[in-house]
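entry21.tsv (TSV, C-alpha atoms)
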```
chain	number	residue	atom	x	y	z
A	1	MET	CA	135.42	85.55	37.73
A	2	ALA	CA	132.41	83.32	37.07
A	3	ILE	CA	130.20	82.31	39.98
A	4	THR	CA	129.90	78.54	40.20
A	5	LYS	CA	127.24	76.45	41.91
A	6	ALA	CA	129.80	75.62	44.61
A	7	HIS	CA	130.21	79.35	45.36
A	8	LEU	CA	126.45	79.81	45.68
A	9	HIS	CA	126.22	77.05	48.31
A	10	GLU	CA	129.34	78.03	50.21
A	11	GLY	CA	128.35	78.76	53.79
A	12	HIS	CA	124.75	77.59	53.23
A	13	ARG	CA	124.77	75.18	56.19
A	14	ARG	CA	126.18	77.85	58.47
A	15	ARG	CA	123.55	80.36	57.33
A	16	LEU	CA	120.73	77.85	57.80
A	17	LYS	CA	121.93	76.92	61.29
A	18	GLN	CA	122.25	80.60	62.18
A	19	LYS	CA	118.69	81.19	60.97
A	20	LEU	CA	117.54	78.36	63.25
A	21	LEU	CA	119.29	79.90	66.26
A	22	GLU	CA	117.87	83.35	65.56
A	23	GLN	CA	114.32	82.53	64.44
A	24	GLY	CA	113.55	78.94	65.39
A	25	LEU	CA	111.83	76.69	62.89
A	26	ASP	CA	108.80	78.98	62.49
A	27	GLY	CA	110.49	80.93	59.70
A	28	PHE	CA	111.59	77.84	57.76
A	29	ALA	CA	110.10	76.38	54.61
A	30	GLU	CA	109.31	72.67	54.77
A	31	HIS	CA	112.28	71.72	52.59
A	32	GLU	CA	114.62	73.77	54.81
A	33	VAL	CA	113.51	71.88	57.93
A	34	LEU	CA	114.18	68.57	56.20
A	35	GLU	CA	117.46	69.83	54.76
A	36	LEU	CA	118.62	70.88	58.22
A	37	LEU	CA	117.69	67.50	59.68
A	38	LEU	CA	119.52	65.70	56.88
A	39	TYR	CA	122.73	67.57	57.77
A	40	TYR	CA	123.08	65.29	60.79
A	41	ALA	CA	122.92	62.09	58.75
A	42	ILE	CA	124.84	63.40	55.74
A	43	PRO	CA	127.49	65.75	57.15
A	44	TYR	CA	129.57	66.58	54.06
A	45	LYS	CA	127.13	66.76	51.14
A	46	ASP	CA	124.56	69.24	49.90
A	47	THR	CA	121.22	67.94	51.23
A	48	ASN	CA	118.97	70.47	49.49
A	49	ALA	CA	118.27	68.33	46.44
A	50	LEU	CA	117.60	65.26	48.59
A	51	ALA	CA	115.17	67.22	50.78
A	52	HIS	CA	113.25	68.35	47.71
A	53	ARG	CA	113.26	64.82	46.26
A	54	LEU	CA	111.94	63.29	49.49
A	55	LEU	CA	109.18	65.88	49.78
A	56	GLU	CA	108.19	65.34	46.18
A	57	HIS	CA	108.15	61.55	46.63
A	58	TYR	CA	106.22	61.47	49.94
A	59	GLY	CA	104.23	64.70	49.71
A	60	SER	CA	105.00	66.31	53.08
A	61	LEU	CA	107.52	66.44	55.90
A	62	ALA	CA	105.19	64.40	58.11
A	63	ALA	CA	104.93	61.70	55.44
A	64	VAL	CA	108.72	61.59	55.09
A	65	LEU	CA	109.13	61.14	58.85
A	66	GLU	CA	106.39	58.49	58.96
A	67	ALA	CA	107.76	56.56	55.97
A	68	ASP	CA	108.88	53.00	56.40
A	69	TYR	CA	112.62	52.54	57.02
A	70	HIS	CA	113.01	50.08	54.14
A	71	ASP	CA	110.87	52.17	51.79
A	72	LEU	CA	113.10	55.18	52.45
A	73	GLN	CA	116.09	53.13	51.37
A	74	GLU	CA	114.50	51.33	48.42
A	75	GLN	CA	112.14	53.95	46.97
A	76	ALA	CA	113.80	57.20	48.03
A	77	GLY	CA	117.38	55.96	47.72
A	78	VAL	CA	118.70	57.12	51.09
A	79	GLY	CA	121.26	55.27	53.16
A	80	ALA	CA	120.72	53.38	56.38
A	81	ASN	CA	121.86	56.27	58.61
A	82	THR	CA	119.51	58.70	56.93
A	83	ALA	CA	116.57	56.28	57.04
A	84	SER	CA	117.28	55.60	60.72
A	85	LEU	CA	117.40	59.29	61.59
A	86	LEU	CA	114.19	60.13	59.73
A	87	THR	CA	112.17	57.28	61.26
A	88	PHE	CA	113.62	58.06	64.70
A	89	ILE	CA	112.16	61.59	64.84
A	90	PRO	CA	108.48	60.69	65.51
A	91	GLN	CA	109.58	58.17	68.14
A	92	LEU	CA	111.83	60.77	69.77
A	93	THR	CA	108.96	63.26	69.76
A	94	ARG	CA	106.64	60.77	71.51
A	95	TYR	CA	109.34	59.96	74.05
A	96	TYR	CA	110.00	63.65	74.68
A	97	PHE	CA	106.34	64.43	75.37
A	98	ALA	CA	105.81	61.33	77.50
A	99	ASN	CA	108.85	62.30	79.56
A	100	ARG	CA	107.73	65.92	79.78
A	101	TRP	CA	104.24	65.00	81.00
A	102	ARG	CA	105.33	62.14	83.24
A	103	ASP	CA	105.62	64.04	86.53
A	104	GLN	CA	102.65	66.35	86.12
A	105	LYS	CA	100.21	67.21	88.85
A	106	PRO	CA	97.18	64.97	89.36
A	107	TYR	CA	94.66	65.20	86.54
A	108	GLY	CA	91.26	66.46	87.66
A	109	THR	CA	89.43	66.04	84.38
A	110	LEU	CA	89.75	64.17	81.13
A	111	ALA	CA	90.20	67.51	79.35
A	112	GLU	CA	93.35	68.13	81.40
A	113	LEU	CA	94.70	64.71	80.41
A	114	LEU	CA	93.89	65.02	76.70
A	115	PRO	CA	97.11	66.85	75.68
A	116	TYR	CA	99.15	64.00	77.19
A	117	VAL	CA	97.00	61.34	75.51
A	118	LYS	CA	97.50	62.99	72.12
A	119	THR	CA	101.28	62.71	72.51
A	120	LEU	CA	101.00	58.92	72.70
A	121	PHE	CA	99.90	58.87	69.07
A	122	ILE	CA	102.41	61.27	67.50
A	123	GLY	CA	103.77	59.84	64.27
A	124	ARG	CA	101.90	56.55	64.50
A	125	THR	CA	100.66	55.39	61.12
A	126	LYS	CA	98.68	52.39	62.36
A	127	GLU	CA	95.71	52.22	64.69
A	128	CYS	CA	96.86	51.79	68.29
A	129	PHE	CA	95.09	51.13	71.54
A	130	PHE	CA	96.51	52.45	74.82
A	131	LEU	CA	95.65	51.67	78.39
A	132	ILE	CA	96.43	54.55	80.74
A	133	CYS	CA	96.59	53.38	84.35
A	134	MET	CA	95.91	55.99	87.02
A	135	ASN	CA	96.66	55.81	90.73
A	136	SER	CA	94.33	56.92	93.54
A	137	LYS	CA	95.67	60.51	93.22
A	138	ASN	CA	94.74	60.67	89.51
A	139	GLN	CA	98.38	60.49	88.45
A	140	ILE	CA	99.57	58.27	85.63
A	141	ASN	CA	101.12	54.98	86.76
A	142	LYS	CA	101.68	53.70	83.24
A	143	ALA	CA	100.61	54.35	79.67
A	144	LYS	CA	100.81	50.97	77.96
A	145	LEU	CA	100.45	50.22	74.27
A	146	ILE	CA	98.02	47.28	74.35
A	147	ALA	CA	97.65	46.63	70.64
A	148	GLU	CA	98.76	47.94	67.27
A	149	GLY	CA	96.76	47.06	64.18
A	150	THR	CA	96.59	48.21	60.61
A	151	VAL	CA	95.77	51.56	59.06
A	152	GLY	CA	92.06	50.79	59.47
A	153	GLU	CA	91.60	48.65	62.57
A	154	VAL	CA	93.07	47.37	65.80
A	155	ILE	CA	91.98	44.28	67.72
A	156	VAL	CA	91.88	44.51	71.50
A	157	TYR	CA	91.19	41.71	73.95
A	158	PRO	CA	89.52	42.65	77.25
A	159	SER	CA	91.65	40.10	79.12
A	160	VAL	CA	94.82	41.99	78.09
A	161	ILE	CA	93.33	45.24	79.40
A	162	VAL	CA	92.40	43.69	82.76
A	163	GLU	CA	95.75	41.91	83.07
A	164	ASN	CA	97.69	45.14	82.53
A	165	ALA	CA	95.41	47.22	84.75
A	166	LEU	CA	96.11	44.80	87.59
A	167	LYS	CA	99.82	44.60	86.79
A	168	TYR	CA	100.19	48.39	87.06
A	169	LYS	CA	97.92	48.65	90.12
A	170	ALA	CA	95.43	50.94	88.41
A	171	ARG	CA	92.73	52.58	90.53
A	172	ALA	CA	91.22	53.97	87.34
A	173	VAL	CA	91.91	53.39	83.66
A	174	ILE	CA	91.55	55.42	80.51
A	175	LEU	CA	91.32	53.68	77.17
A	176	ALA	CA	92.65	55.60	74.18
A	177	HIS	CA	92.53	54.76	70.49
A	178	ASN	CA	93.61	56.65	67.37
A	179	HIS	CA	92.43	56.87	63.78
A	180	PRO	CA	95.51	57.65	61.66
A	181	GLY	CA	93.28	57.90	58.58
A	182	GLY	CA	91.72	61.03	60.07
A	183	ASN	CA	88.26	59.76	61.10
```
In structure tokens, how does this file's structure come out?
Amino acid sequence: MAITKAHLHEGHRRRLKQKLLEQGLDGFAEHEVLELLLYYAIPYKDTNALAHRLLEHYGSLAAVLEADYHDLQEQAGVGANTASLLTFIPQLTRYYFANRWRDQKPYGTLAELLPYVKTLFIGRTKECFFLICMNSKNQINKAKLIAEGTVGEVIVYPSVIVENALKYKARAVILAHNHPGGN
């Protein structure tokens, strides 16, 4: 009996999911992580080839997840559900970390707050400016996205900062800004 391609892939999803449960993502290759994620948007098709094609087109898993929704559909040829899922992941990650850090103890130093601040910028491909409003106990009242710019700049108006600081009853503020280009 000849072994067909279908026989080689039989049980592949089950094996990959089992590997995830046993080892976590640490033991996965980049294409396997993407392939596993694609299972949830494309439940009945082999997603291995698509995972490889997306990685080849965009260059990395991070770039795939940060790709524009419409570009994923037009350039990479994926459907609306797949494009939605892929672009949703960085947003979900930001939301997860913001939620996780929300009820933390008061922050004594900026160094203690830095891990939280970094989560505000996960997956953002444009320069952003955040206002973090603190109460009198050094707890976060609100982290507010004040402005989003381009890849290379963001314009911020002081009046918007003051308006939001007053709105969220800030006793202290922290201003945070990213450089998605790596500077």
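Taking CA of Glu153 (chain A) and CA of Leu120 (chain A) as endpoints, the distance between them is 17.2 Å.
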Can you check which parts of region 84-143 of chain A lie within 10 Å of region 55-62 of chain A? Per residue, the shortest pair of atoms and distance in Å to one decimal, counting only C-alpha atoms, sorted by chain and number, as a Markdown table.
```
| residue | atom | partner | partner_atom | distance |
| --- | --- | --- | --- | --- |
| A:Leu86 | CA | A:Leu61 | CA | 9.9 |
| A:Pro90 | CA | A:Ala62 | CA | 8.9 |
| A:Gly123 | CA | A:Ala62 | CA | 7.8 |
```
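Using all atoms listed in the file for every distance, the candidate list A:Tyr44, A:Tyr69, A:Tyr168, A:Tyr116 yields A:Tyr116 as the residue closest to Trp101 (chain A).
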So which residues touch Val173 (chain A) within 8 Å, counting only C-alpha atoms, skipping near sequence neighbours fewer than 6 positions away, as an MDAnalysis selection string?
-> chainID A and resid 131:134 165
Kindly save the residues from that selection, with C-alpha atoms included, as a PDB file, keeping the file's coordinate frame.
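For reference, result19.pdb as written:
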```pdb
ATOM      1  CA  LEU A 131      95.650  51.670  78.390  1.00  0.00           C
ATOM      2  CA  ILE A 132      96.430  54.550  80.740  1.00  0.00           C
ATOM      3  CA  CYS A 133      96.590  53.380  84.350  1.00  0.00           C
ATOM      4  CA  MET A 134      95.910  55.990  87.020  1.00  0.00           C
ATOM      5  CA  ALA A 165      95.410  47.220  84.750  1.00  0.00           C
TER       6      ALA A 165
END
```
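Across the structure, CA of Asp71 (chain A) and CA of Ile122 (chain A) are spaced 20.0 Å apart.
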Find the residues around Thr119 (chain A) up to 8 Å (only C-alpha atoms counted), leave out those fewer than 2 positions away in its own chain, and share them as a PyMOL selection string.
-> chain A and resi 94+97-98+115-117+121-122
Which value, in Å to one decimal, gives the distance between CA of Lys17 (chain A) and CA of Val33 (chain A)?
->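 Atom-to-atom, CA of Lys17 (chain A) to CA of Val33 (chain A), that is 10.4 Å.
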Selection near Leu16 (chain A), 8 Å with all atoms listed in the file, sequence-local residues under 3 positions removed, as a list in words = His12, Arg13, Lys19, Leu20, Glu32 and Leu36 of chain A
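Distances here use all atoms listed in the file; by that measure, the residue among A:Leu34, A:Val78, A:Val154, A:Val162 closest to Pro180 (chain A) is A:Val154.
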Which residues come within 8 Å of Val151 (chain A), counting all atoms listed in the file, excluding same-chain residues fewer than 2 positions away, as a count of residues only?
-> 8
Which residue, A:Tyr95, A:Tyr157, A:Phe130, A:Tyr40, has the smallest gap to Thr82 (chain A) when you use only C-alpha atoms?
-> A:Tyr40
Kindly indicate which residue among A:Leu72, A:Arg14, A:Gln139, A:Ile89 lies nearest to Leu113 (chain A), using only C-alpha atoms for the distances.
-> A:Gln139
Can you work out which one of A:Lys118, A:Lys167, A:Thr109, A:Phe129 has the shortest atom-to-atom distance to Lys142 (chain A), counting all atoms listed in the file?
->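 Of the candidates, the smallest distance to Lys142 (chain A) is held by A:Lys167.
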Go through A:Leu92, A:Ala49, A:Arg124, A:Asn178 and flag the residue nearest Glu66 (chain A), using all atoms listed in the file for the distances.
-> A:Arg124
Incomplete region 8-24 of chain A filled out to N, CA, C and O atoms as a PDB file, keeping the file's coordinate frame:
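Result file is result29.pdb:
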```pdb
ATOM      1  N   LEU A   8     127.790  79.451  45.209  1.00  0.00           N
ATOM      2  CA  LEU A   8     126.450  79.810  45.680  1.00  0.00           C
ATOM      3  C   LEU A   8     126.096  79.105  46.978  1.00  0.00           C
ATOM      4  O   LEU A   8     125.402  79.650  47.823  1.00  0.00           O
ATOM      5  N   HIS A   9     126.561  77.849  47.127  1.00  0.00           N
ATOM      6  CA  HIS A   9     126.220  77.050  48.310  1.00  0.00           C
ATOM      7  C   HIS A   9     127.226  77.177  49.444  1.00  0.00           C
ATOM      8  O   HIS A   9     126.998  76.650  50.521  1.00  0.00           O
ATOM      9  N   GLU A  10     128.313  77.863  49.191  1.00  0.00           N
ATOM     10  CA  GLU A  10     129.340  78.030  50.210  1.00  0.00           C
ATOM     11  C   GLU A  10     128.740  78.749  51.429  1.00  0.00           C
ATOM     12  O   GLU A  10     128.125  79.798  51.308  1.00  0.00           O
ATOM     13  N   GLY A  11     128.872  78.152  52.576  1.00  0.00           N
ATOM     14  CA  GLY A  11     128.350  78.760  53.790  1.00  0.00           C
ATOM     15  C   GLY A  11     126.856  78.553  54.009  1.00  0.00           C
ATOM     16  O   GLY A  11     126.289  79.076  54.964  1.00  0.00           O
ATOM     17  N   HIS A  12     126.207  77.794  53.129  1.00  0.00           N
ATOM     18  CA  HIS A  12     124.750  77.590  53.230  1.00  0.00           C
ATOM     19  C   HIS A  12     124.364  76.920  54.547  1.00  0.00           C
ATOM     20  O   HIS A  12     123.420  77.354  55.208  1.00  0.00           O
ATOM     21  N   ARG A  13     125.080  75.870  54.919  1.00  0.00           N
ATOM     22  CA  ARG A  13     124.770  75.180  56.190  1.00  0.00           C
ATOM     23  C   ARG A  13     124.906  76.133  57.370  1.00  0.00           C
ATOM     24  O   ARG A  13     124.062  76.163  58.256  1.00  0.00           O
ATOM     25  N   ARG A  14     125.956  76.899  57.376  1.00  0.00           N
ATOM     26  CA  ARG A  14     126.180  77.850  58.470  1.00  0.00           C
ATOM     27  C   ARG A  14     125.045  78.862  58.534  1.00  0.00           C
ATOM     28  O   ARG A  14     124.533  79.158  59.603  1.00  0.00           O
ATOM     29  N   ARG A  15     124.636  79.380  57.370  1.00  0.00           N
ATOM     30  CA  ARG A  15     123.550  80.360  57.330  1.00  0.00           C
ATOM     31  C   ARG A  15     122.224  79.748  57.808  1.00  0.00           C
ATOM     32  O   ARG A  15     121.464  80.370  58.542  1.00  0.00           O
ATOM     33  N   LEU A  16     121.964  78.516  57.398  1.00  0.00           N
ATOM     34  CA  LEU A  16     120.730  77.850  57.800  1.00  0.00           C
ATOM     35  C   LEU A  16     120.710  77.583  59.307  1.00  0.00           C
ATOM     36  O   LEU A  16     119.694  77.807  59.972  1.00  0.00           O
ATOM     37  N   LYS A  17     121.844  77.152  59.840  1.00  0.00           N
ATOM     38  CA  LYS A  17     121.930  76.920  61.290  1.00  0.00           C
ATOM     39  C   LYS A  17     121.796  78.223  62.062  1.00  0.00           C
ATOM     40  O   LYS A  17     121.172  78.281  63.119  1.00  0.00           O
ATOM     41  N   GLN A  18     122.367  79.281  61.549  1.00  0.00           N
ATOM     42  CA  GLN A  18     122.250  80.600  62.180  1.00  0.00           C
ATOM     43  C   GLN A  18     120.794  81.077  62.178  1.00  0.00           C
ATOM     44  O   GLN A  18     120.303  81.616  63.155  1.00  0.00           O
ATOM     45  N   LYS A  19     120.118  80.838  61.071  1.00  0.00           N
ATOM     46  CA  LYS A  19     118.690  81.190  60.970  1.00  0.00           C
ATOM     47  C   LYS A  19     117.889  80.431  62.030  1.00  0.00           C
ATOM     48  O   LYS A  19     116.995  80.992  62.662  1.00  0.00           O
ATOM     49  N   LEU A  20     118.212  79.166  62.229  1.00  0.00           N
ATOM     50  CA  LEU A  20     117.540  78.360  63.250  1.00  0.00           C
ATOM     51  C   LEU A  20     117.745  78.961  64.635  1.00  0.00           C
ATOM     52  O   LEU A  20     116.798  79.102  65.413  1.00  0.00           O
ATOM     53  N   LEU A  21     118.986  79.325  64.950  1.00  0.00           N
ATOM     54  CA  LEU A  21     119.290  79.900  66.260  1.00  0.00           C
ATOM     55  C   LEU A  21     118.587  81.240  66.474  1.00  0.00           C
ATOM     56  O   LEU A  21     118.153  81.539  67.587  1.00  0.00           O
ATOM     57  N   GLU A  22     118.460  82.017  65.439  1.00  0.00           N
ATOM     58  CA  GLU A  22     117.870  83.350  65.560  1.00  0.00           C
ATOM     59  C   GLU A  22     116.344  83.341  65.510  1.00  0.00           C
ATOM     60  O   GLU A  22     115.703  84.123  66.200  1.00  0.00           O
ATOM     61  N   GLN A  23     115.765  82.481  64.668  1.00  0.00           N
ATOM     62  CA  GLN A  23     114.320  82.530  64.440  1.00  0.00           C
ATOM     63  C   GLN A  23     113.558  81.299  64.887  1.00  0.00           C
ATOM     64  O   GLN A  23     112.339  81.319  64.939  1.00  0.00           O
ATOM     65  N   GLY A  24     114.252  80.204  65.157  1.00  0.00           N
ATOM     66  CA  GLY A  24     113.550  78.940  65.390  1.00  0.00           C
ATOM     67  C   GLY A  24     113.022  78.412  64.073  1.00  0.00           C
ATOM     68  O   GLY A  24     113.231  79.013  63.018  1.00  0.00           O
TER      69      GLY A  24
END
```
